[in-house]
Structure formats: C-alpha cells, structure tokens
>>> print(open('input_9.csv').read())   # CSV, C-alpha atoms
chain,number,residue,atom,x,y,z
N,545,MET,CA,22.8,-70.9,27.5
N,546,LYS,CA,19.4,-69.3,26.9
N,547,PHE,CA,18.7,-65.6,27.6
N,548,ARG,CA,15.3,-64.4,28.5
N,549,MET,CA,14.3,-60.8,27.5
N,550,LYS,CA,12.9,-58.7,30.2
N,551,PRO,CA,9.3,-57.7,29.7
N,552,HIS,CA,10.0,-54.0,29.5
N,553,THR,CA,12.9,-54.6,27.0
N,554,ALA,CA,10.5,-56.6,24.8
N,555,ARG,CA,8.0,-53.8,24.9
N,556,THR,CA,10.7,-51.3,24.0
N,557,SER,CA,11.8,-53.4,21.0
N,558,ALA,CA,8.2,-53.8,19.8
N,559,THR,CA,7.6,-50.1,20.1
N,560,ARG,CA,10.7,-49.3,18.1
N,561,ALA,CA,9.6,-51.8,15.4
N,562,VAL,CA,6.2,-50.2,15.2
N,563,PHE,CA,7.8,-46.7,14.8
N,564,GLY,CA,10.2,-48.1,12.2
N,565,LEU,CA,7.3,-49.6,10.1
N,566,ALA,CA,5.4,-46.3,10.4
N,567,ALA,CA,8.4,-44.4,9.2
N,568,LEU,CA,8.8,-46.8,6.2
N,569,SER,CA,5.1,-46.5,5.4
N,570,LEU,CA,5.3,-42.7,5.4
N,571,LEU,CA,8.4,-42.8,3.2
N,572,PHE,CA,6.6,-45.2,0.9
N,573,PHE,CA,3.5,-43.0,0.5
N,574,ALA,CA,5.6,-39.8,0.3
N,575,LEU,CA,7.8,-41.0,-2.6
N,576,PRO,CA,5.1,-41.0,-5.3
N,577,ALA,CA,4.0,-37.5,-4.4
N,578,GLN,CA,7.5,-36.2,-5.5
N,579,ALA,CA,8.1,-35.0,-9.0
N,580,ALA,CA,9.7,-37.8,-11.1
N,581,SER,CA,11.1,-38.1,-14.6
N,582,LEU,CA,9.4,-40.9,-16.5
N,583,SER,CA,9.6,-42.3,-20.0
N,584,VAL,CA,6.5,-42.4,-22.1
N,585,ALA,CA,6.0,-46.1,-21.4
N,586,GLU,CA,6.4,-45.5,-17.6
N,587,TYR,CA,4.0,-42.6,-17.8
N,588,ARG,CA,1.4,-44.8,-19.5
N,589,GLN,CA,1.8,-47.5,-16.9
N,590,GLN,CA,1.4,-44.8,-14.2
N,591,LEU,CA,-1.9,-43.7,-15.8
N,592,HIS,CA,-3.0,-47.3,-16.0
N,593,ASP,CA,-2.4,-47.8,-12.3
N,594,LEU,CA,-4.1,-44.5,-11.5
N,595,ALA,CA,-7.1,-45.5,-13.6
N,596,GLU,CA,-7.4,-48.8,-11.6
N,597,LYS,CA,-7.3,-46.8,-8.3
N,598,VAL,CA,-9.9,-44.4,-9.5
N,599,GLU,CA,-12.1,-47.4,-10.6
N,600,SER,CA,-11.9,-48.7,-7.0
N,601,LEU,CA,-13.4,-45.5,-5.6
N,602,GLU,CA,-16.8,-46.5,-7.0
N,603,ALA,CA,-17.0,-49.3,-4.5
N,604,HIS,CA,-14.8,-47.7,-1.8
N,605,PRO,CA,-15.2,-43.9,-1.9
N,606,GLU,CA,-13.7,-43.7,1.6
N,607,LYS,CA,-10.3,-44.4,0.1
N,608,ALA,CA,-10.3,-41.2,-2.0
N,609,GLY,CA,-7.9,-39.5,0.5
N,610,GLU,CA,-5.4,-42.4,0.1
N,611,VAL,CA,-5.5,-42.2,-3.7
N,612,GLU,CA,-5.1,-38.4,-3.6
N,613,SER,CA,-2.0,-38.6,-1.3
N,614,ALA,CA,-0.5,-41.2,-3.6
N,615,VAL,CA,-0.8,-39.0,-6.7
N,616,PRO,CA,2.2,-36.6,-7.3
N,617,ASP,CA,1.7,-32.9,-8.0
N,618,ASP,CA,3.3,-33.3,-11.4
N,619,VAL,CA,5.7,-35.5,-13.3
N,620,THR,CA,8.2,-35.0,-16.0
N,621,VAL,CA,7.8,-37.1,-19.1
N,622,SER,CA,11.0,-37.6,-21.1
N,623,ALA,CA,10.7,-38.3,-24.9
N,624,ALA,CA,12.9,-37.9,-27.9
N,625,SER,CA,11.7,-34.4,-28.5
N,626,GLY,CA,12.4,-33.2,-25.0
N,627,GLU,CA,10.7,-33.2,-21.6
N,628,THR,CA,7.1,-32.4,-20.8
N,629,ILE,CA,5.8,-31.5,-17.4
N,630,VAL,CA,2.3,-33.0,-16.7
N,631,SER,CA,0.4,-31.5,-13.8
N,632,TYR,CA,-1.9,-33.6,-11.6
N,633,ARG,CA,-3.1,-30.7,-9.4
N,634,ASP,CA,-6.6,-30.6,-11.0
N,635,LEU,CA,-7.0,-34.3,-10.4
N,636,LYS,CA,-5.8,-34.0,-6.8
N,637,ASN,CA,-8.3,-31.1,-6.2
N,638,ASP,CA,-11.1,-33.2,-7.7
N,639,LEU,CA,-10.2,-36.1,-5.4
N,640,THR,CA,-10.2,-33.8,-2.4
N,641,VAL,CA,-13.6,-32.5,-3.3
N,642,PHE,CA,-14.8,-36.1,-3.9
N,643,SER,CA,-13.6,-37.2,-0.5
N,644,LYS,CA,-15.6,-34.4,1.3
N,645,ALA,CA,-18.7,-34.5,-0.9
N,646,GLU,CA,-22.1,-35.8,0.2
N,647,PRO,CA,-23.0,-39.3,-1.0
N,648,GLY,CA,-25.6,-38.0,-3.4
N,649,LYS,CA,-23.0,-35.9,-5.2
N,650,ARG,CA,-20.2,-38.4,-5.5
N,651,ALA,CA,-21.6,-40.2,-8.6
N,652,ALA,CA,-21.2,-37.1,-10.8
N,653,LEU,CA,-17.8,-36.3,-9.3
N,654,PHE,CA,-16.6,-39.9,-9.8
N,655,LEU,CA,-17.6,-39.8,-13.5
N,656,GLN,CA,-15.7,-36.5,-13.9
N,657,ILE,CA,-12.5,-37.9,-12.3
N,658,LYS,CA,-12.8,-41.1,-14.4
N,659,ASN,CA,-13.2,-39.1,-17.7
N,660,TYR,CA,-10.3,-36.9,-16.7
N,661,VAL,CA,-7.9,-39.9,-16.3
N,662,GLN,CA,-9.2,-41.4,-19.6
N,663,ALA,CA,-8.5,-38.2,-21.3
N,664,LEU,CA,-4.9,-38.2,-20.1
N,665,SER,CA,-4.6,-41.8,-21.4
N,666,SER,CA,-6.0,-40.8,-24.8
N,667,GLU,CA,-3.5,-37.9,-25.0
N,668,THR,CA,-0.6,-40.3,-24.5
N,669,LYS,CA,-1.7,-42.5,-27.4
N,670,ALA,CA,-1.6,-39.5,-29.7
N,671,TYR,CA,1.7,-38.2,-28.2
N,672,ASP,CA,4.0,-40.5,-30.3
N,673,LYS,CA,2.2,-39.5,-33.5
N,674,SER,CA,2.7,-35.8,-32.8
N,675,VAL,CA,6.4,-36.4,-32.0
N,676,THR,CA,7.1,-38.3,-35.2
N,677,ASP,CA,5.2,-35.7,-37.3
N,678,PRO,CA,6.2,-32.1,-36.4
N,679,ALA,CA,3.6,-30.7,-38.9
N,680,LEU,CA,0.9,-32.6,-37.1
N,681,ALA,CA,2.1,-31.4,-33.7
N,682,GLN,CA,2.2,-27.8,-34.9
N,683,ALA,CA,-1.3,-28.0,-36.4
N,684,LYS,CA,-2.6,-29.5,-33.1
N,685,LEU,CA,-0.9,-26.8,-31.1
N,686,LYS,CA,-2.5,-24.1,-33.2
N,687,SER,CA,-5.9,-25.8,-33.0
N,688,ILE,CA,-5.6,-25.9,-29.2
N,689,LEU,CA,-4.5,-22.3,-28.8
N,690,SER,CA,-7.3,-21.0,-31.1
N,691,GLN,CA,-9.9,-22.3,-28.7
N,692,ARG,CA,-12.0,-19.7,-26.8
N,693,GLU,CA,-10.5,-20.4,-23.4
N,694,PHE,CA,-7.0,-19.5,-24.7
N,695,ARG,CA,-7.8,-16.3,-26.4
N,696,ASN,CA,-7.2,-14.0,-23.4
N,697,VAL,CA,-4.4,-16.0,-21.9
N,698,ASN,CA,-1.5,-13.7,-20.9
N,699,VAL,CA,1.6,-14.0,-18.7
N,700,PRO,CA,0.4,-13.2,-15.2
N,701,ASN,CA,1.6,-9.8,-13.9
N,702,ALA,CA,1.9,-8.6,-10.3
N,703,LYS,CA,-1.8,-7.5,-10.2
N,704,HIS,CA,-3.0,-11.0,-11.2
N,705,LEU,CA,-0.7,-12.7,-8.8
N,706,LEU,CA,-1.9,-10.5,-5.9
N,707,LEU,CA,-5.6,-11.1,-6.8
N,708,SER,CA,-5.0,-14.8,-7.0
N,709,LYS,CA,-3.4,-14.7,-3.5
N,710,ILE,CA,-6.4,-12.8,-2.2
N,711,PHE,CA,-8.9,-15.2,-3.7
N,712,ARG,CA,-7.0,-18.2,-2.3
N,713,TRP,CA,-7.0,-16.6,1.2
N,714,LEU,CA,-10.7,-15.9,0.9
N,715,GLY,CA,-11.3,-19.5,-0.2
N,716,ARG,CA,-9.4,-20.9,2.8
N,717,PHE,CA,-11.2,-18.5,5.1
N,718,LEU,CA,-14.6,-19.5,3.8
N,719,ASP,CA,-13.7,-23.2,3.9
N,720,LYS,CA,-12.8,-22.9,7.6
N,721,MET,CA,-16.0,-21.2,8.3
N,722,PHE,CA,-18.1,-23.8,6.5
N,723,ALA,CA,-16.1,-26.6,8.1
N,724,ARG,CA,-16.5,-25.1,11.6
N,725,GLY,CA,-20.2,-24.2,11.2
N,726,GLY,CA,-21.3,-27.3,9.3
N,727,SER,CA,-25.0,-27.1,8.5
N,728,GLN,CA,-25.5,-24.4,11.0
N,729,PHE,CA,-23.3,-21.9,9.2
N,730,ASP,CA,-23.6,-18.4,10.4
N,731,TRP,CA,-24.9,-16.6,7.3
N,732,LEU,CA,-25.3,-13.4,9.3
N,733,GLN,CA,-21.6,-13.3,10.2
N,734,LEU,CA,-20.7,-13.8,6.5
N,735,LEU,CA,-23.1,-11.0,5.6
N,736,VAL,CA,-21.4,-8.7,8.1
N,737,TYR,CA,-18.0,-9.5,6.6
N,738,VAL,CA,-19.3,-8.8,3.1
N,739,LEU,CA,-20.8,-5.5,4.1
N,740,VAL,CA,-17.5,-4.5,5.9
N,741,ALA,CA,-15.5,-5.4,2.8
N,742,ALA,CA,-17.8,-3.5,0.5
N,743,ALA,CA,-17.6,-0.4,2.8
N,744,LEU,CA,-13.8,-0.5,2.8
N,745,ILE,CA,-13.7,-0.9,-1.0
N,746,LEU,CA,-16.1,2.1,-1.5
N,747,LEU,CA,-14.0,4.1,1.0
N,748,ALA,CA,-10.9,3.3,-0.9
N,749,VAL,CA,-12.5,4.2,-4.3
N,750,TRP,CA,-13.9,7.5,-2.9
N,751,THR,CA,-10.5,8.4,-1.3
N,752,THR,CA,-8.6,7.7,-4.5
N,753,ARG,CA,-11.0,9.7,-6.7
N,754,ARG,CA,-10.9,12.5,-4.2
N,755,LEU,CA,-7.1,12.7,-4.2
N,756,LEU,CA,-6.9,12.4,-8.0
N,757,ARG,CA,-9.6,15.0,-8.7
N,758,PRO,CA,-8.1,18.4,-9.7
N,759,ARG,CA,-8.6,21.2,-7.3
N,760,GLU,CA,-11.5,23.4,-8.3
N,761,GLU,CA,-10.9,27.1,-8.5
N,762,LEU,CA,-12.6,29.0,-5.7
N,763,PRO,CA,-15.6,30.9,-7.1
N,764,GLN,CA,-15.2,34.7,-7.2
N,765,ARG,CA,-17.0,36.7,-4.7
N,766,GLU,CA,-20.4,37.7,-5.9
N,767,ILE,CA,-21.0,41.4,-6.0
N,768,VAL,CA,-24.6,42.4,-5.4
N,769,PRO,CA,-25.5,45.9,-6.4
N,770,PHE,CA,-26.2,48.3,-3.5
N,771,SER,CA,-25.1,45.7,-1.0
N,772,PRO,CA,-22.5,46.8,1.7
N,773,SER,CA,-19.7,44.9,0.1
N,774,ALA,CA,-20.3,46.3,-3.4
N,775,LYS,CA,-18.8,49.6,-2.2
N,776,GLY,CA,-15.8,48.2,-0.3
N,777,TRP,CA,-15.1,48.6,3.4
N,778,ARG,CA,-12.2,51.0,2.8
N,779,ASN,CA,-14.4,53.4,0.9
N,780,TRP,CA,-17.0,53.3,3.7
N,781,LEU,CA,-14.3,54.0,6.3
N,782,ALA,CA,-12.7,56.8,4.2
N,783,GLU,CA,-16.1,58.6,3.9
N,784,ALA,CA,-16.7,58.1,7.7
N,785,ARG,CA,-13.3,59.8,8.5
N,786,ALA,CA,-14.1,62.6,6.1
N,787,LEU,CA,-17.4,63.3,7.9
N,788,ALA,CA,-15.6,63.1,11.3
N,789,GLN,CA,-13.2,65.8,10.0
N,790,LYS,CA,-16.4,68.0,9.7
N,791,GLN,CA,-17.5,66.9,13.2
N,792,ASP,CA,-20.6,65.2,11.8
N,793,TRP,CA,-20.2,62.4,14.3
N,794,ARG,CA,-23.6,60.9,13.9
N,795,ASN,CA,-23.3,60.2,10.1
N,796,ALA,CA,-19.6,59.2,10.6
N,797,ILE,CA,-20.6,56.5,13.0
N,798,HIS,CA,-23.3,55.4,10.5
N,799,LEU,CA,-20.8,55.0,7.7
N,800,ALA,CA,-18.2,53.4,10.0
N,801,TYR,CA,-20.8,50.7,10.9
N,802,TRP,CA,-21.4,49.8,7.3
N,803,ALA,CA,-17.6,49.7,6.8
N,804,GLY,CA,-17.5,46.8,9.4
N,805,ILE,CA,-20.5,45.0,7.7
N,806,SER,CA,-18.8,45.4,4.3
N,807,TYR,CA,-15.5,44.0,5.7
N,808,LEU,CA,-17.2,40.9,7.1
N,809,GLU,CA,-19.3,40.4,3.9
N,810,GLU,CA,-16.1,40.5,1.8
N,811,GLY,CA,-14.6,37.9,4.0
N,812,GLY,CA,-17.5,35.4,3.3
N,813,SER,CA,-19.3,35.6,6.6
N,814,TRP,CA,-22.6,35.6,4.7
N,815,LYS,CA,-23.9,36.0,1.2
N,816,PRO,CA,-24.5,39.6,0.1
N,817,ASN,CA,-28.1,40.8,0.5
N,818,ARG,CA,-29.0,44.5,0.7
N,819,ALA,CA,-32.3,43.9,2.6
N,820,ARG,CA,-30.9,42.8,6.0
N,821,THR,CA,-31.2,44.6,9.3
N,822,PRO,CA,-28.3,45.0,11.7
N,823,ARG,CA,-29.7,42.3,14.0
N,824,GLU,CA,-29.9,39.9,11.1
N,825,TYR,CA,-26.2,40.4,10.4
N,826,LEU,CA,-25.4,39.8,14.0
N,827,ARG,CA,-27.4,36.5,14.0
N,828,LEU,CA,-25.8,35.3,10.7
N,829,LEU,CA,-22.3,35.8,12.2
N,830,GLY,CA,-23.1,33.6,15.2
N,831,THR,CA,-22.0,33.8,18.8
N,832,ARG,CA,-19.2,31.3,18.2
N,833,ALA,CA,-17.4,33.6,15.8
N,834,ALA,CA,-14.3,35.5,17.0
N,835,GLN,CA,-15.6,38.8,15.6
N,836,TYR,CA,-19.0,38.5,17.3
N,837,PRO,CA,-18.2,40.6,20.5
N,838,ALA,CA,-16.8,43.5,18.3
N,839,LEU,CA,-19.7,43.4,15.9
N,840,ALA,CA,-22.2,43.2,18.8
N,841,ALA,CA,-20.6,46.4,20.4
N,842,LEU,CA,-20.5,48.1,17.0
N,843,THR,CA,-24.2,47.3,16.4
N,844,ARG,CA,-25.3,48.5,19.8
N,845,LYS,CA,-23.5,51.8,19.4
N,846,PHE,CA,-24.9,52.2,15.9
N,847,GLU,CA,-28.5,51.4,16.9
N,848,ILE,CA,-28.4,53.8,20.0
N,849,ILE,CA,-27.1,56.7,18.0
N,850,TRP,CA,-28.7,56.2,14.6
N,851,TYR,CA,-32.1,54.6,15.3
N,852,GLY,CA,-32.3,56.1,18.8
N,853,ASP,CA,-31.7,59.5,17.4
N,854,ARG,CA,-29.2,60.5,20.0
N,855,ASP,CA,-26.4,63.0,19.7
N,856,ALA,CA,-22.9,61.6,19.2
N,857,GLY,CA,-19.5,63.0,20.0
N,858,GLU,CA,-15.9,62.4,19.1
N,859,SER,CA,-15.5,59.8,21.9
N,860,ASP,CA,-18.4,57.8,20.3
N,861,PHE,CA,-16.7,57.8,17.0
N,862,GLN,CA,-13.3,56.8,18.5
N,863,GLU,CA,-15.1,53.9,20.3
N,864,THR,CA,-16.6,52.8,16.9
N,865,LEU,CA,-13.1,52.9,15.3
N,866,GLY,CA,-11.8,50.7,18.1
N,867,GLN,CA,-14.4,48.1,17.4
N,868,LEU,CA,-13.6,48.2,13.7
N,869,GLU,CA,-10.0,47.5,14.5
N,870,ARG,CA,-11.0,44.5,16.6
N,871,LEU,CA,-12.9,43.2,13.5
N,872,GLY,CA,-9.8,43.6,11.4
N,873,CYS,CA,-10.5,46.9,9.6
N,874,ARG,CA,-7.0,48.5,9.8
>>> encode(input="input_9.csv", output="structure tokens")
Amino acid sequence: MKFRMKPHTARTSATRAVFGLAALSLLFFALPAQAASLSVAEYRQQLHDLAEKVESLEAHPEKAGEVESAVPDDVTVSAASGETIVSYRDLKNDLTVFSKAEPGKRAALFLQIKNYVQALSSETKAYDKSVTDPALAQAKLKSILSQREFRNVNVPNAKHLLLSKIFRWLGRFLDKMFARGGSQFDWLQLLVYVLVAAALILLAVWTTRRLLRPREELPQREIVPFSPSAKGWRNWLAEARALAQKQDWRNAIHLAYWAGISYLEEGGSWKPNRARTPREYLRLLGTRAAQYPALAALTRKFEIIWYGDRDAGESDFQETLGQLERLGCR
C-alpha cells in the first residue's frame, strides 16, 4: 500500500529540513571561534589552513567576513613546557577593516594580513628550538622585552581600564556616526560634540582646582589717615554725646553723622577716601542696600542743619541717634 504525503505536510517537512541544515551550519561556523587546546602540530596545520584562506582573499575579497568569523579569538597551544595562549584578535580586527575598506586600500591591507600570518608561522618554527634550549628561550625573551614598545608596559590599573572603556565607547560612537552618515558625514555635529566635551573637561578642571585651592586670608581693612573710619565710629559717637551733654546740638549732629559714615566704611561699603561729599557716600551705598533709607535720612538732617546753617535742638539730635541705630550703631 502506498501513502501519498499531503502538500502542506511535505512543505512542513521541507521547512524543518532547511532549519535543521541552517542550525548545523551555524554550529559548524561557531565551533572554530571557540577557544581550543591544540598541539604544536595542530596549531601549525591551523595556521597553514588560515594562510590558504587569506591567500584566497586576493581574488575574492568579499569573503573576508566569512574568514573573520571562522577565526577563533584565541587558542591554547599545548607543548612539553606548558600551555601558551595565542590571540587572533588583531588578525580578526584587520580582517574586519579589510572587509569594510575601499577597493583602493585593500591591497595594502591584504599584504599586512598576509605578512601577519606568515610571521605567526615563522614563530612556530622557532618554537621547538626555544623549548629544547631554555637558555635560548631566556635570551629571546630578554631581547623581546628590551625593545622600545615594552619599556613602559605595566599592569593596567583602574585608571587605565576606565580610559580604555571610554575610548572604546567613543570609537563605537564615531563608527556609528560614520556608518550612518557615509560620505555626507555631519562634521558640524562632530565639532559641536568636541566643543561640548572640551567645555565639560575645562569646567571639571576649574572646579577641581577651585576646591583644592587653599582659602586665602581676607585682607585687612585699609586705614587711610584722616578718613572717617581711621577714627572709629564709637569715638565719633562718644564725642557727639559729649557735645550733646553741653547742649551743643549742632556740632553733636555733625559728629554723629560721621559716626554713621565711619561705621559703614568699616563694614566695607566703600573704600576709604577722605575727599568725598555726603551725597557721594549715599550714591556709593546704592538704593538697593538695606541701610540706604537710614543713611538718606541721616544725610538730609546733617545737610539741613550743618550746611543750611540752621539751629538744632535736642529732638534733632535724638532723631539722628535713631537713624544711627537703624544703621547698626548701637
């Protein structure tokens, strides 16, 4: 008895077969990318196969992505003296750059990749000699470490790790911008980002220096001879009260006014100067100052009695004392 498969059942089976083959293909290409432990002979064979794949890129550069995906990040080579980890990350990066490069630049990149693989093969030929002869291996190690690029090599600290992460992030960010913009890359936008970053760095440096700078001592108040503050507001007020005891109200108000000027000058409302007029002191204080109303009333009373040559009484002196108290002379 023969059974016929229904059309939709046949399509379902075909679909499953396709997905199965795709999964096996992905598994096949993923396995070489994993780290493996190889003998020296297996490692040489791997380099030989890799060299053939690289040679094929000269005629088929579009397969660079396939070659890069088939190369593992690193492999472990086992020998009599121990295990050695060989990293292929630089080679994979070069293959990635080669796959994205313009046709005119691929020739130089191809030669660089080819020489890199040949250098790895040459190192394996000298590997056995260095293993069998420890003195030769030690001498070769010293020769390598004495080269200029290894003089400043240190174990990376937290600062170096942070900077490397920042640089990697900037690299990915710029790669995305270049890939998105193509030939019409927005250089103005990049310039804005650079200026913003520079401004933030300068602000951080300025803030750090500002916080670490020791506090400067406040300069001592300058005493100008014959200025109101040179005498001290308490002395002015004491002399004004002494004249009031003698009922010399006019001169008492005169001295009381200068007591107020001396008080404000000592507080830093202006720099001492013995050649100012009462109106200049009022203008220097400014209308926004809290003491301005009291000083304005004190100046008005002083000008009317002293410059207006009017008689004064006890009530005028008491009014002047009230304005001094409003200024803070207590």
>>> residues_around(input="input_9.csv", residues="range 818-830 of chain N", least_positions_apart="5", cutoff="10 Å", atoms="only C-alpha atoms", output="JSON list (two decimals) with C-alpha atoms, keeping the file's coordinate frame")
[["chain", "number", "residue", "atom", "x", "y", "z"],
["N", 768, "VAL", "CA", -24.60, 42.40, -5.40],
["N", 769, "PRO", "CA", -25.50, 45.90, -6.40],
["N", 770, "PHE", "CA", -26.20, 48.30, -3.50],
["N", 771, "SER", "CA", -25.10, 45.70, -1.00],
["N", 772, "PRO", "CA", -22.50, 46.80, 1.70],
["N", 773, "SER", "CA", -19.70, 44.90, 0.10],
["N", 774, "ALA", "CA", -20.30, 46.30, -3.40],
["N", 801, "TYR", "CA", -20.80, 50.70, 10.90],
["N", 802, "TRP", "CA", -21.40, 49.80, 7.30],
["N", 805, "ILE", "CA", -20.50, 45.00, 7.70],
["N", 808, "LEU", "CA", -17.20, 40.90, 7.10],
["N", 809, "GLU", "CA", -19.30, 40.40, 3.90],
["N", 813, "SER", "CA", -19.30, 35.60, 6.60],
["N", 835, "GLN", "CA", -15.60, 38.80, 15.60],
["N", 836, "TYR", "CA", -19.00, 38.50, 17.30],
["N", 837, "PRO", "CA", -18.20, 40.60, 20.50],
["N", 839, "LEU", "CA", -19.70, 43.40, 15.90],
["N", 840, "ALA", "CA", -22.20, 43.20, 18.80],
["N", 842, "LEU", "CA", -20.50, 48.10, 17.00],
["N", 843, "THR", "CA", -24.20, 47.30, 16.40],
["N", 844, "ARG", "CA", -25.30, 48.50, 19.80],
["N", 846, "PHE", "CA", -24.90, 52.20, 15.90],
["N", 847, "GLU", "CA", -28.50, 51.40, 16.90]]
>>> atom_distance(input="input_9.csv", atom1="CA of Val619 in chain N", atom2="CA of Lys597 in chain N")
17.9 Å
>>> residues_near_point(input="input_9.csv", point="(-13.3, 49.2, 3.4)", cutoff="12 Å", atoms="all atoms listed in the file", output="CSV table (one decimal) with C-alpha atoms, keeping the file's coordinate frame")
chain,number,residue,atom,x,y,z
N,772,PRO,CA,-22.5,46.8,1.7
N,773,SER,CA,-19.7,44.9,0.1
N,774,ALA,CA,-20.3,46.3,-3.4
N,775,LYS,CA,-18.8,49.6,-2.2
N,776,GLY,CA,-15.8,48.2,-0.3
N,777,TRP,CA,-15.1,48.6,3.4
N,778,ARG,CA,-12.2,51.0,2.8
N,779,ASN,CA,-14.4,53.4,0.9
N,780,TRP,CA,-17.0,53.3,3.7
N,781,LEU,CA,-14.3,54.0,6.3
N,782,ALA,CA,-12.7,56.8,4.2
N,783,GLU,CA,-16.1,58.6,3.9
N,784,ALA,CA,-16.7,58.1,7.7
N,785,ARG,CA,-13.3,59.8,8.5
N,799,LEU,CA,-20.8,55.0,7.7
N,800,ALA,CA,-18.2,53.4,10.0
N,801,TYR,CA,-20.8,50.7,10.9
N,802,TRP,CA,-21.4,49.8,7.3
N,803,ALA,CA,-17.6,49.7,6.8
N,804,GLY,CA,-17.5,46.8,9.4
N,805,ILE,CA,-20.5,45.0,7.7
N,806,SER,CA,-18.8,45.4,4.3
N,807,TYR,CA,-15.5,44.0,5.7
N,808,LEU,CA,-17.2,40.9,7.1
N,809,GLU,CA,-19.3,40.4,3.9
N,810,GLU,CA,-16.1,40.5,1.8
N,811,GLY,CA,-14.6,37.9,4.0
N,868,LEU,CA,-13.6,48.2,13.7
N,869,GLU,CA,-10.0,47.5,14.5
N,871,LEU,CA,-12.9,43.2,13.5
N,872,GLY,CA,-9.8,43.6,11.4
N,873,CYS,CA,-10.5,46.9,9.6
N,874,ARG,CA,-7.0,48.5,9.8
>>> residues_around(input="input_9.csv", residues="Val598 in chain N", least_positions_apart="3", cutoff="12 Å", atoms="all atoms listed in the file", output="count of residues only")
34
>>> atom_distance(input="input_9.csv", atom1="CA of Leu756 in chain N", atom2="CA of Ala743 in chain N")
19.9 Å
